[in-house]
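Data block for structure17.cif (mmCIF, C-alpha atoms and all ligand atoms):
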```cif
data_data
#
loop_
_atom_site.label_atom_id
_atom_site.label_comp_id
_atom_site.auth_asym_id
_atom_site.auth_seq_id
_atom_site.Cartn_x
_atom_site.Cartn_y
_atom_site.Cartn_z
CA MET A 26 -54.66 34.62 16.24
CA PRO A 27 -53.86 31.43 14.36
CA ASP A 28 -52.10 31.64 11.02
CA PHE A 29 -54.65 30.67 8.36
CA SER A 30 -52.22 30.65 5.44
CA PHE A 31 -50.93 27.65 3.51
CA THR A 32 -47.19 27.23 3.16
CA GLU A 33 -45.49 28.32 -0.06
CA GLU A 34 -45.04 24.66 -0.99
CA GLN A 35 -48.74 23.98 -0.47
CA GLU A 36 -49.70 27.01 -2.59
CA LEU A 37 -47.40 25.82 -5.36
CA PHE A 38 -48.82 22.31 -5.07
CA ARG A 39 -52.37 23.67 -5.37
CA LYS A 40 -51.38 25.65 -8.46
CA THR A 41 -49.81 22.61 -10.12
CA VAL A 42 -52.76 20.36 -9.30
CA ARG A 43 -55.26 22.99 -10.48
CA GLU A 44 -53.45 23.41 -13.80
CA PHE A 45 -53.49 19.66 -14.35
CA CYS A 46 -57.15 19.37 -13.33
CA GLU A 47 -58.27 22.25 -15.56
CA LYS A 48 -56.44 20.76 -18.53
CA GLU A 49 -57.03 17.04 -18.11
CA ILE A 50 -60.08 16.52 -15.88
CA GLU A 51 -62.53 19.41 -16.26
CA PRO A 52 -63.04 19.02 -20.03
CA ARG A 53 -63.75 15.31 -19.46
CA ALA A 54 -66.15 15.66 -16.50
CA ARG A 55 -69.32 15.00 -18.49
CA GLU A 56 -67.65 12.13 -20.37
CA ILE A 57 -66.59 10.57 -17.03
CA ASP A 58 -70.19 10.77 -15.84
CA GLU A 59 -71.74 9.44 -19.05
CA LYS A 60 -69.24 6.68 -19.80
CA ALA A 61 -69.05 5.76 -16.11
CA GLU A 62 -65.29 5.51 -16.25
CA ILE A 63 -62.27 7.68 -15.50
CA PRO A 64 -59.98 7.59 -18.56
CA ASP A 65 -56.52 6.08 -18.08
CA VAL A 66 -54.94 9.35 -19.17
CA VAL A 67 -56.42 11.03 -16.08
CA ILE A 68 -55.33 8.27 -13.72
CA LYS A 69 -51.84 8.11 -15.21
CA GLY A 70 -51.60 11.91 -15.09
CA MET A 71 -52.60 11.95 -11.44
CA ALA A 72 -50.01 9.26 -10.72
CA LYS A 73 -47.33 11.28 -12.51
CA LEU A 74 -48.12 14.24 -10.27
CA GLY A 75 -47.68 12.01 -7.21
CA LEU A 76 -51.38 12.00 -6.34
CA MET A 77 -51.93 8.25 -6.21
CA GLY A 78 -51.31 7.00 -2.71
CA ILE A 79 -50.23 10.55 -1.92
CA MET A 80 -49.42 9.79 1.75
CA VAL A 81 -47.57 6.52 1.04
CA SER A 82 -43.84 6.25 1.80
CA SER A 83 -41.37 7.25 -0.89
CA GLU A 84 -39.87 3.74 -0.95
CA TYR A 85 -43.08 2.63 -2.70
CA GLY A 86 -43.20 5.72 -4.94
CA GLY A 87 -45.52 7.73 -2.67
CA SER A 88 -45.26 11.44 -1.91
CA GLU A 89 -45.42 11.15 1.92
CA ALA A 90 -47.75 14.14 1.87
CA ASP A 91 -49.32 15.47 5.04
CA ALA A 92 -53.11 15.56 5.42
CA VAL A 93 -53.41 19.29 4.63
CA THR A 94 -51.61 18.81 1.31
CA ALA A 95 -53.65 15.70 0.50
CA ALA A 96 -56.86 17.65 1.27
CA ILE A 97 -55.82 20.40 -1.15
CA ALA A 98 -55.68 17.82 -3.96
CA ALA A 99 -59.11 16.40 -3.03
CA GLU A 100 -60.58 19.91 -3.17
CA GLU A 101 -58.96 20.71 -6.51
CA ILE A 102 -59.92 17.42 -8.16
CA ALA A 103 -63.58 17.85 -7.14
CA ARG A 104 -63.57 21.42 -8.49
CA ALA A 105 -62.63 19.96 -11.87
CA ASP A 106 -64.90 16.90 -11.80
CA ILE A 107 -67.90 18.23 -9.92
CA SER A 108 -69.51 14.74 -10.01
CA CYS A 109 -66.85 13.88 -7.38
CA ALA A 110 -66.03 10.56 -9.12
CA THR A 111 -62.39 11.43 -9.76
CA ALA A 112 -62.05 12.86 -6.26
CA VAL A 113 -63.46 9.64 -4.82
CA TYR A 114 -60.97 7.62 -6.87
CA TYR A 115 -58.20 9.79 -5.42
CA LEU A 116 -59.34 10.08 -1.83
CA VAL A 117 -60.35 6.51 -1.05
CA GLN A 118 -56.92 5.39 -2.15
CA ALA A 119 -55.19 8.28 -0.35
CA GLY A 120 -56.70 7.43 3.02
CA TRP A 121 -56.63 3.65 2.90
CA SER A 122 -53.25 3.19 1.25
CA TYR A 123 -51.85 5.24 4.11
CA ILE A 124 -53.26 2.73 6.62
CA PHE A 125 -52.11 -0.21 4.48
CA ASP A 126 -48.63 1.29 4.33
CA LYS A 127 -48.59 1.92 8.06
CA TYR A 128 -49.75 -1.52 9.20
CA GLY A 129 -49.54 -3.93 6.21
CA LYS A 130 -47.01 -6.74 5.82
CA PRO A 131 -43.87 -5.60 3.93
CA GLU A 132 -43.98 -8.42 1.36
CA TRP A 133 -47.60 -7.57 0.43
CA LYS A 134 -46.98 -3.80 0.37
CA GLU A 135 -44.01 -4.33 -1.96
CA GLU A 136 -46.37 -6.03 -4.41
CA ILE A 137 -49.26 -3.58 -4.24
CA LEU A 138 -48.07 -0.09 -3.31
CA PRO A 139 -45.57 0.56 -6.16
CA LYS A 140 -48.37 -0.33 -8.59
CA LEU A 141 -50.83 1.92 -6.76
CA THR A 142 -48.53 4.94 -6.89
CA LYS A 143 -48.12 4.36 -10.65
CA GLY A 144 -51.92 4.30 -11.07
CA GLU A 145 -51.92 0.58 -11.77
CA ALA A 146 -53.66 -0.84 -8.68
CA TRP A 147 -56.62 -0.04 -6.47
CA VAL A 148 -56.64 0.24 -2.66
CA GLY A 149 -60.11 0.56 -1.13
CA ILE A 150 -62.06 -0.01 2.06
CA ALA A 151 -64.68 -2.66 2.79
CA THR A 152 -66.43 -2.45 6.14
CA THR A 153 -70.12 -2.18 5.13
CA GLU A 154 -72.29 -5.28 4.78
CA PRO A 155 -75.79 -5.79 3.37
CA GLY A 156 -77.10 -5.77 6.97
CA GLY A 157 -75.61 -2.36 7.81
CA GLY A 158 -72.67 -0.01 7.71
CA SER A 159 -73.02 2.17 10.81
CA ASP A 160 -73.05 -0.63 13.37
CA LEU A 161 -69.66 -2.19 12.70
CA ALA A 162 -69.84 -4.38 15.77
CA GLY A 163 -72.93 -6.01 14.24
CA MET A 164 -71.15 -7.13 11.10
CA LYS A 165 -71.24 -10.79 10.14
CA THR A 166 -68.13 -11.55 8.06
CA THR A 167 -65.81 -13.92 9.90
CA MET A 168 -62.28 -15.18 9.52
CA LYS A 169 -61.65 -18.49 11.30
CA LYS A 170 -58.71 -20.86 11.53
CA VAL A 171 -59.65 -24.16 9.88
CA ASP A 172 -56.98 -26.88 9.68
CA GLY A 173 -54.28 -24.27 10.26
CA LYS A 174 -55.57 -21.90 7.52
CA TRP A 175 -57.48 -18.63 7.83
CA ILE A 176 -60.85 -18.92 6.07
CA LEU A 177 -63.16 -15.98 5.25
CA ASN A 178 -66.93 -16.13 4.94
CA GLY A 179 -69.37 -13.26 4.53
CA GLU A 180 -70.36 -10.41 2.29
CA LYS A 181 -69.42 -6.76 1.85
CA ALA A 182 -71.78 -4.34 0.09
CA TYR A 183 -71.86 -0.73 -1.19
CA ILE A 184 -68.12 -0.83 -1.64
CA SER A 185 -66.37 1.79 -3.79
CA GLY A 186 -63.97 0.59 -6.45
CA VAL A 187 -65.11 -2.99 -7.06
CA ARG A 188 -65.00 -2.58 -10.85
CA GLU A 189 -61.68 -0.74 -10.55
CA ALA A 190 -60.16 -3.53 -8.41
CA LEU A 191 -61.25 -6.08 -11.02
CA LYS A 192 -59.68 -3.96 -13.77
CA TYR A 193 -56.41 -3.00 -12.10
CA GLY A 194 -55.97 -5.48 -9.27
CA GLY A 195 -55.05 -4.25 -5.79
CA VAL A 196 -56.74 -4.75 -2.43
CA HIS A 197 -59.75 -3.77 -0.36
CA MET A 198 -58.98 -3.25 3.31
CA THR A 199 -61.65 -5.64 4.51
CA LEU A 200 -62.82 -5.65 8.12
CA VAL A 201 -63.70 -9.11 9.46
CA LYS A 202 -64.49 -10.69 12.80
CA THR A 203 -61.79 -12.94 14.21
CA ALA A 204 -63.13 -13.08 17.78
CA PRO A 205 -66.88 -12.35 17.45
CA GLU A 206 -67.44 -12.64 21.20
CA LEU A 207 -65.21 -9.57 21.73
CA GLY A 208 -67.34 -7.20 19.57
CA HIS A 209 -65.27 -4.38 18.12
CA ARG A 210 -62.21 -5.66 20.00
CA GLY A 211 -62.33 -8.86 17.97
CA MET A 212 -61.97 -7.48 14.44
CA THR A 213 -59.09 -7.80 11.99
CA PHE A 214 -58.22 -6.00 8.77
CA VAL A 215 -57.37 -8.09 5.71
CA ALA A 216 -55.85 -6.45 2.61
CA LEU A 217 -57.93 -8.64 0.32
CA PRO A 218 -57.33 -8.89 -3.42
CA ILE A 219 -60.76 -9.47 -4.91
CA LYS A 220 -59.39 -9.97 -8.43
CA GLY A 221 -58.53 -13.60 -9.07
CA THR A 222 -59.12 -14.83 -5.51
CA LYS A 223 -60.90 -18.17 -5.31
CA GLY A 224 -64.27 -18.03 -3.53
CA ILE A 225 -64.99 -14.35 -4.23
CA GLU A 226 -68.02 -13.39 -6.27
CA THR A 227 -68.53 -9.72 -7.16
CA SER A 228 -71.52 -7.67 -8.30
CA LEU A 229 -72.14 -3.99 -9.07
CA PHE A 230 -74.85 -1.52 -8.06
CA GLU A 231 -76.28 1.09 -10.37
CA ASP A 232 -75.71 4.35 -8.50
CA MET A 233 -77.44 7.71 -9.00
CA GLY A 234 -74.22 9.71 -9.08
CA ARG A 235 -70.40 9.85 -9.14
CA MET A 236 -70.76 7.45 -12.04
CA GLY A 237 -67.06 7.40 -12.94
CA ILE A 238 -66.30 5.20 -9.94
CA SER A 239 -68.16 1.99 -9.24
CA THR A 240 -69.95 0.79 -6.13
CA GLY A 241 -70.26 -2.95 -5.75
CA ALA A 242 -70.39 -5.94 -3.47
CA PHE A 243 -68.41 -9.11 -2.93
CA LYS A 244 -69.33 -12.40 -1.35
CA MET A 245 -66.62 -14.46 0.31
CA ASP A 246 -67.28 -18.18 0.33
CA ASN A 247 -64.56 -20.13 2.16
CA VAL A 248 -61.86 -17.79 0.91
CA GLU A 249 -58.40 -18.94 1.99
CA VAL A 250 -56.43 -16.00 3.37
CA ASP A 251 -52.71 -15.72 2.78
CA GLU A 252 -50.98 -14.71 6.06
CA LYS A 253 -49.38 -11.74 4.31
CA TRP A 254 -52.82 -10.24 3.64
CA ILE A 255 -53.46 -9.82 7.38
CA VAL A 256 -52.90 -6.18 8.30
CA GLY A 257 -51.07 -5.45 11.55
CA GLU A 258 -52.11 -7.33 14.67
CA LEU A 259 -55.05 -9.68 14.90
CA ASN A 260 -58.09 -8.13 16.61
CA ARG A 261 -56.82 -4.55 16.11
CA GLY A 262 -58.70 -4.00 12.85
CA PHE A 263 -61.42 -1.79 14.32
CA TYR A 264 -58.83 0.65 15.64
CA TYR A 265 -56.97 0.76 12.29
CA ALA A 266 -60.31 1.36 10.59
CA MET A 267 -61.16 4.27 12.90
CA GLU A 268 -57.73 5.77 12.23
CA GLY A 269 -58.29 5.43 8.47
CA PHE A 270 -61.74 6.99 8.68
CA ASN A 271 -60.27 10.06 10.40
CA VAL A 272 -57.91 10.52 7.46
CA ALA A 273 -60.32 9.66 4.62
CA ARG A 274 -63.21 11.72 6.04
CA VAL A 275 -61.12 14.89 5.87
CA PHE A 276 -60.63 14.30 2.14
CA VAL A 277 -64.34 13.56 1.67
CA ALA A 278 -65.16 16.90 3.25
CA ALA A 279 -62.48 18.63 1.15
CA ALA A 280 -63.94 17.14 -2.04
CA CYS A 281 -67.41 18.39 -1.12
CA VAL A 282 -65.98 21.87 -0.55
CA GLY A 283 -64.25 21.71 -3.95
CA ALA A 284 -67.46 20.73 -5.76
CA ALA A 285 -69.37 23.50 -3.97
CA GLU A 286 -66.71 26.09 -4.81
CA LYS A 287 -66.99 25.21 -8.48
CA ALA A 288 -70.77 25.42 -8.33
CA LEU A 289 -70.59 28.85 -6.70
CA GLU A 290 -68.18 30.10 -9.37
CA ILE A 291 -70.47 28.83 -12.13
CA GLY A 292 -73.41 30.43 -10.37
CA MET A 293 -71.75 33.84 -9.93
CA GLU A 294 -70.86 33.97 -13.61
CA TYR A 295 -74.41 33.04 -14.54
CA ILE A 296 -76.24 35.57 -12.36
CA LYS A 297 -74.04 38.39 -13.68
CA GLN A 298 -74.94 37.67 -17.30
CA ARG A 299 -78.53 36.42 -16.97
CA THR A 300 -81.03 39.24 -17.09
CA ALA A 301 -84.65 39.35 -15.90
CA PHE A 302 -86.87 42.44 -15.90
CA GLY A 303 -84.09 44.34 -17.67
CA VAL A 304 -81.22 43.86 -15.18
CA PRO A 305 -78.76 41.07 -14.29
CA ILE A 306 -80.39 38.82 -11.72
CA ALA A 307 -77.25 39.30 -9.56
CA LYS A 308 -78.66 42.74 -8.72
CA TYR A 309 -81.68 41.27 -6.93
CA GLU A 310 -81.36 40.85 -3.19
CA GLY A 311 -83.34 37.62 -3.46
CA ILE A 312 -80.34 36.18 -5.28
CA GLN A 313 -77.54 38.18 -3.67
CA PHE A 314 -78.51 37.41 -0.07
CA ASN A 315 -78.70 33.72 -0.92
CA LEU A 316 -75.24 34.02 -2.51
CA ALA A 317 -73.91 35.73 0.63
CA ASP A 318 -75.35 33.05 2.93
CA GLN A 319 -74.05 30.18 0.81
CA ALA A 320 -70.58 31.72 0.33
CA THR A 321 -70.31 32.25 4.10
CA LYS A 322 -71.29 28.67 4.88
CA LEU A 323 -68.86 27.41 2.27
CA GLU A 324 -66.05 29.40 3.85
CA ALA A 325 -67.01 28.01 7.28
CA ALA A 326 -66.99 24.45 5.90
CA LYS A 327 -63.61 25.06 4.31
CA LEU A 328 -62.17 26.29 7.60
CA LEU A 329 -63.49 23.19 9.35
CA VAL A 330 -61.98 20.98 6.65
CA TYR A 331 -58.51 22.46 6.92
CA ARG A 332 -58.64 22.55 10.69
CA ALA A 333 -59.51 18.85 10.62
CA ALA A 334 -56.65 18.14 8.19
CA TRP A 335 -54.31 20.15 10.39
CA ALA A 336 -55.57 18.23 13.45
CA VAL A 337 -54.73 14.92 11.73
CA ASP A 338 -51.22 16.21 11.04
CA GLN A 339 -50.88 17.45 14.62
CA PHE A 340 -51.99 14.04 15.89
CA TYR A 341 -49.24 12.29 13.89
CA LYS A 342 -46.71 14.76 15.32
CA GLY A 343 -47.92 13.78 18.80
CA LYS A 344 -49.36 17.25 19.42
CA MET A 345 -53.08 16.50 19.54
CA LYS A 346 -55.29 14.04 21.40
CA VAL A 347 -57.16 11.55 19.25
CA SER A 348 -60.48 12.63 20.82
CA ASP A 349 -59.97 16.18 19.50
CA VAL A 350 -59.08 14.85 16.06
CA ASN A 351 -62.22 12.67 16.08
CA LYS A 352 -64.35 15.70 16.92
CA TYR A 353 -62.84 18.07 14.35
CA VAL A 354 -62.95 15.47 11.57
CA ALA A 355 -66.56 14.52 12.34
CA MET A 356 -67.58 18.21 12.34
CA ALA A 357 -66.02 18.73 8.91
CA LYS A 358 -67.54 15.52 7.49
CA LEU A 359 -70.91 16.42 9.03
CA VAL A 360 -71.37 19.84 7.46
CA ALA A 361 -69.32 19.83 4.24
CA PRO A 362 -71.52 17.36 2.28
CA LEU A 363 -74.81 18.77 3.62
CA TRP A 364 -73.88 22.39 2.96
CA ALA A 365 -72.34 21.57 -0.42
CA PHE A 366 -75.58 19.83 -1.42
CA ASP A 367 -77.63 22.82 -0.26
CA LEU A 368 -75.37 25.28 -2.07
CA ILE A 369 -75.43 23.35 -5.35
CA LYS A 370 -79.22 23.04 -5.12
CA ASP A 371 -79.59 26.82 -4.66
CA VAL A 372 -77.18 27.59 -7.52
CA MET A 373 -79.20 25.25 -9.74
CA ILE A 374 -82.29 27.29 -8.88
CA TRP A 375 -80.52 30.52 -9.93
CA HIS A 376 -80.10 28.86 -13.32
CA GLY A 377 -83.83 28.37 -13.79
CA ALA A 378 -84.82 25.65 -16.28
CA TYR A 379 -81.29 25.45 -17.67
CA GLY A 380 -80.11 24.27 -14.24
CA TYR A 381 -82.33 21.21 -14.55
CA THR A 382 -80.71 20.08 -17.80
CA LYS A 383 -77.61 18.03 -18.47
CA GLU A 384 -76.19 20.92 -20.48
CA CYS A 385 -75.48 22.46 -17.10
CA PRO A 386 -72.88 20.55 -15.02
CA LEU A 387 -74.51 21.29 -11.66
CA GLU A 388 -76.75 18.23 -11.56
CA MET A 389 -73.62 16.02 -11.56
CA GLY A 390 -72.46 17.83 -8.43
CA LEU A 391 -75.79 17.38 -6.69
CA ARG A 392 -75.80 13.63 -7.42
CA GLY A 393 -72.16 13.21 -6.40
CA VAL A 394 -72.24 15.13 -3.13
CA MET A 395 -75.40 13.22 -2.14
CA SER A 396 -73.31 10.05 -1.72
CA TYR A 397 -71.55 11.76 1.15
CA CYS A 398 -74.79 13.12 2.66
CA ILE A 399 -76.03 9.51 2.70
CA GLY A 400 -72.94 8.23 4.35
CA ALA A 401 -70.03 7.04 2.23
CA GLU A 402 -67.12 6.95 4.74
CA GLY A 403 -69.66 7.20 7.58
CA ALA A 404 -73.28 8.37 7.93
CA GLN A 405 -74.04 11.92 9.08
CA ASN A 406 -75.76 10.71 12.26
CA ILE A 407 -72.61 8.74 13.08
CA MET A 408 -70.66 12.03 12.80
CA ARG A 409 -73.17 13.53 15.26
CA ILE A 410 -72.68 10.56 17.60
CA ILE A 411 -68.89 11.06 17.48
CA ILE A 412 -69.19 14.80 18.18
CA GLY A 413 -71.61 14.16 21.08
CA ARG A 414 -69.34 11.44 22.47
CA GLU A 415 -66.26 13.65 22.37
CA LEU A 416 -68.09 16.60 23.95
CA LEU A 417 -69.96 14.74 26.70
CA GLY A 418 -67.80 11.68 27.29
CA ARG A 419 -68.27 8.00 26.46
CA GLU A 420 -70.51 7.50 29.49
CA TYR A 421 -73.24 9.43 27.62
CA MET A 422 -73.21 7.14 24.59
CA PRO A 423 -76.53 5.36 24.18
CA TYR A 424 -74.63 2.08 23.73
CA LYS A 425 -71.03 0.84 24.05
C1 LIG B 1 -71.75 5.78 -2.92
C2 LIG B 1 -71.36 5.03 -1.70
C3 LIG B 1 -70.09 4.45 -1.62
C4 LIG B 1 -69.71 3.71 -0.51
N1 LIG B 1 -68.46 3.16 -0.45
C5 LIG B 1 -68.14 2.39 0.61
C6 LIG B 1 -66.86 1.74 0.66
O1 LIG B 1 -66.01 1.92 -0.21
N2 LIG B 1 -66.60 0.92 1.70
C7 LIG B 1 -67.52 0.69 2.69
O2 LIG B 1 -67.21 -0.07 3.59
N3 LIG B 1 -68.71 1.30 2.67
C8 LIG B 1 -69.04 2.14 1.66
N4 LIG B 1 -70.26 2.74 1.62
C9 LIG B 1 -71.23 2.45 2.66
C10 LIG B 1 -71.28 3.53 3.75
O3 LIG B 1 -70.15 3.45 4.57
C11 LIG B 1 -72.58 3.27 4.49
O4 LIG B 1 -73.63 3.69 3.64
C12 LIG B 1 -72.66 4.00 5.82
O5 LIG B 1 -71.70 3.54 6.73
C13 LIG B 1 -74.06 3.82 6.43
O6 LIG B 1 -74.39 2.45 6.48
P1 LIG B 1 -75.76 1.93 5.82
O7 LIG B 1 -75.88 2.47 4.46
O8 LIG B 1 -75.83 0.48 6.01
O9 LIG B 1 -76.89 2.63 6.68
P2 LIG B 1 -77.34 2.17 8.16
O10 LIG B 1 -76.18 1.93 9.02
O11 LIG B 1 -78.34 1.09 8.00
O12 LIG B 1 -78.07 3.48 8.62
C14 LIG B 1 -79.33 3.87 8.03
C15 LIG B 1 -79.71 5.23 8.57
O13 LIG B 1 -79.82 5.16 9.99
C16 LIG B 1 -78.98 6.14 10.59
N5 LIG B 1 -78.44 5.59 11.85
C17 LIG B 1 -77.76 4.43 12.01
N6 LIG B 1 -77.41 4.27 13.30
C18 LIG B 1 -77.89 5.35 13.97
C19 LIG B 1 -77.86 5.78 15.32
N7 LIG B 1 -77.25 5.05 16.28
N8 LIG B 1 -78.46 6.94 15.65
C20 LIG B 1 -79.08 7.69 14.70
N9 LIG B 1 -79.14 7.35 13.41
C21 LIG B 1 -78.56 6.19 13.04
C22 LIG B 1 -77.89 6.44 9.60
O14 LIG B 1 -77.41 7.75 9.76
C23 LIG B 1 -78.65 6.29 8.27
O15 LIG B 1 -79.27 7.50 7.94
C24 LIG B 1 -70.63 3.53 0.55
C25 LIG B 1 -71.90 4.14 0.49
C26 LIG B 1 -72.25 4.89 -0.61
C27 LIG B 1 -73.59 5.56 -0.64
#
```

Do you think you could lay out the structure here as structure tokens?
Ligand SMILES: Cc1cc2nc3c(=O)[nH]c(=O)nc-3n(C[C@H](O)[C@H](O)[C@H](O)COP(=O)(O)OP(=O)(O)OC[C@H]3O[C@@H](n4cnc5c(N)ncnc54)[C@H](O)[C@@H]3O)c2cc1C
Amino acid sequence: MPDFSFTEEQELFRKTVREFCEKEIEPRAREIDEKAEIPDVVIKGMAKLGLMGIMVSSEYGGSEADAVTAAIAAEEIARADISCATAVYYLVQAGWSYIFDKYGKPEWKEEILPKLTKGEAWVGIATTEPGGGSDLAGMKTTMKKVDGKWILNGEKAYISGVREALKYGGVHMTLVKTAPELGHRGMTFVALPIKGTKGIETSLFEDMGRMGISTGAFKMDNVEVDEKWIVGELNRGFYYAMEGFNVARVFVAAACVGAAEKALEIGMEYIKQRTAFGVPIAKYEGIQFNLADQATKLEAAKLLVYRAAWAVDQFYKGKMKVSDVNKYVAMAKLVAPLWAFDLIKDVMIWHGAYGYTKECPLEMGLRGVMSYCIGAEGAQNIMRIIIGRELLGREYMPYK
């Protein structure tokens, strides 16, 4: 049988992160949602604990954490801020700063990453465009050489952290086409600073949830690209993006599990003290069986999440094939948001009318987790396509 335990270090890490989250994040969760901002004290506190750019190399102030450890933090942060906003702030940066660190140019990393690990810069991801997010090969943004300079034109939309990048500075790992005729083999990643760059115009969307972190768009009109912004090799961007998605999706799934765990805890407390027809409603099978089903699914999702995190770590140790990692990660990202949403919805129903009010924190969880059911870091049907592809083989994909 496999060993399902965390290491002593990981248990201690969880305890430390939980203590911080319970003290600094949980009491501010409603404020984060209402003011649509994560207070600096939270961001600075997370940085002090080594959570910002948690997988980044120590030379830039990172913790060089493995994926399992980084997933623990995502789970704990979402338990404390059930809206998932703070977890999103953490996890987007965790996944994409890792890729930036791995493939970015040293002179650009030296400028950005030490600030990121101090909580003073943003590192995000920008692949989606107004015309679509799932079909990356269909994207329109181009980077062309004009008079010896790289010039960007296009638009990215539904991008997390646009307001944060304008506030703190930093970069969005922006996927662009450098050889459009080659489809996904002709894409390049640019670590693009949207703050202060000539030719970039930003805008913000009004989301329904995870209000503490922004979603926005940016248009690039003849933006001149500094060579140092180009990440890794030209035309390898798609592959770096897929690698980053495998890392970030694990943390997405972990955050959904964390939010669902918190909801279940709140729900169990409530059904023990709420009475109807003279007894606590926890005594009714109508409630208890639903609790049993939801707790079991949550445990299953959690196992998938940590197996996926473990698979990522095994991959980087050279002990697992990328196709297996793809499959395990997609399975975790497929079910964790959907089951978390379903669980939170049921726990809201246990609360009766109170569950529908803003006095009860559960509605923040429902709105937050929905972003991941819709598809932030990849739509659910895309997870199904990945799982099908890895089970049946690429020859059974409906398109190449
Ligand atoms: C809150 C939020 C934050 C986000 N942050 C970021 C970010 O930071 N960076 C970024 O780049 N993107 C971000 N996104 C965008 C996200 O990556 C996209 O929403 C996602 O990739 C899906 O793209 P789309 O919304 O254009 O939907 P589409 O690709 O247009 O898909 C629409 C629907 O069709 C389904 N579909 C598409 N293709 C197929 C197929 N072949 N078979 C079956 N069904 C299919 C999808 O599952 C979906 O339900 C964010 C989205 C949200 C909601």

Per-residue nearest contacts of chain A to ligand LIG 1 (chain B) (6 Å; all atoms listed in the file) as CSV:
```
residue,atom,partner,partner_atom,distance
A:Ile150,CA,B:LIG1,N2,4.6
A:Ala151,CA,B:LIG1,O2,3.7
A:Thr152,CA,B:LIG1,O2,3.6
A:Thr153,CA,B:LIG1,O2,3.9
A:Gly157,CA,B:LIG1,O8,3.4
A:Gly158,CA,B:LIG1,O6,3.2
A:Ser159,CA,B:LIG1,O10,3.6
A:Asp160,CA,B:LIG1,O10,5.9
A:Tyr183,CA,B:LIG1,N4,4.7
A:Ile184,CA,B:LIG1,C6,3.7
A:Ser185,CA,B:LIG1,O1,3.6
A:Thr240,CA,B:LIG1,C3,5.8
A:Ser396,CA,B:LIG1,C27,4.6
A:Ile399,CA,B:LIG1,C27,5.7
A:Gly400,CA,B:LIG1,C12,4.5
A:Ala401,CA,B:LIG1,C25,3.9
A:Glu402,CA,B:LIG1,O3,4.6
A:Gly403,CA,B:LIG1,O5,4.3
A:Ala404,CA,B:LIG1,O14,4.6
A:Gln405,CA,B:LIG1,O14,5.4
A:Asn406,CA,B:LIG1,O14,4.2
A:Ile407,CA,B:LIG1,O14,5.9
```

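Here CA of Val394 in chain A and CA of Gly70 in chain A stand 24.1 Å from one another.
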
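Closest approach to Val117 in chain A from the set A:Lys73, A:Gly149, A:Leu359, A:Glu420 is made by A:Gly149, with distances taken over all atoms listed in the file.
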
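Here the question is which of A:Val337, A:Arg104, A:Val248, A:Lys169 gets nearest to Lys223 in chain A using only C-alpha atoms, and that residue is A:Val248.
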
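For the pair CA of Lys344 in chain A and CA of Glu415 in chain A, the interatomic distance is 17.5 Å.
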
Show which residues sit within 8 Å of Ala242 in chain A, as a PyMOL selection string. Count all atoms listed in the file, and ignore same-chain residues fewer than 6 positions away.
-> chain A and resi 180-184+187+227-230

Which residue of A:Val215, A:Val113, A:Met245, A:Met77 approaches Glu89 in chain A most closely, using all atoms listed in the file = A:Met77
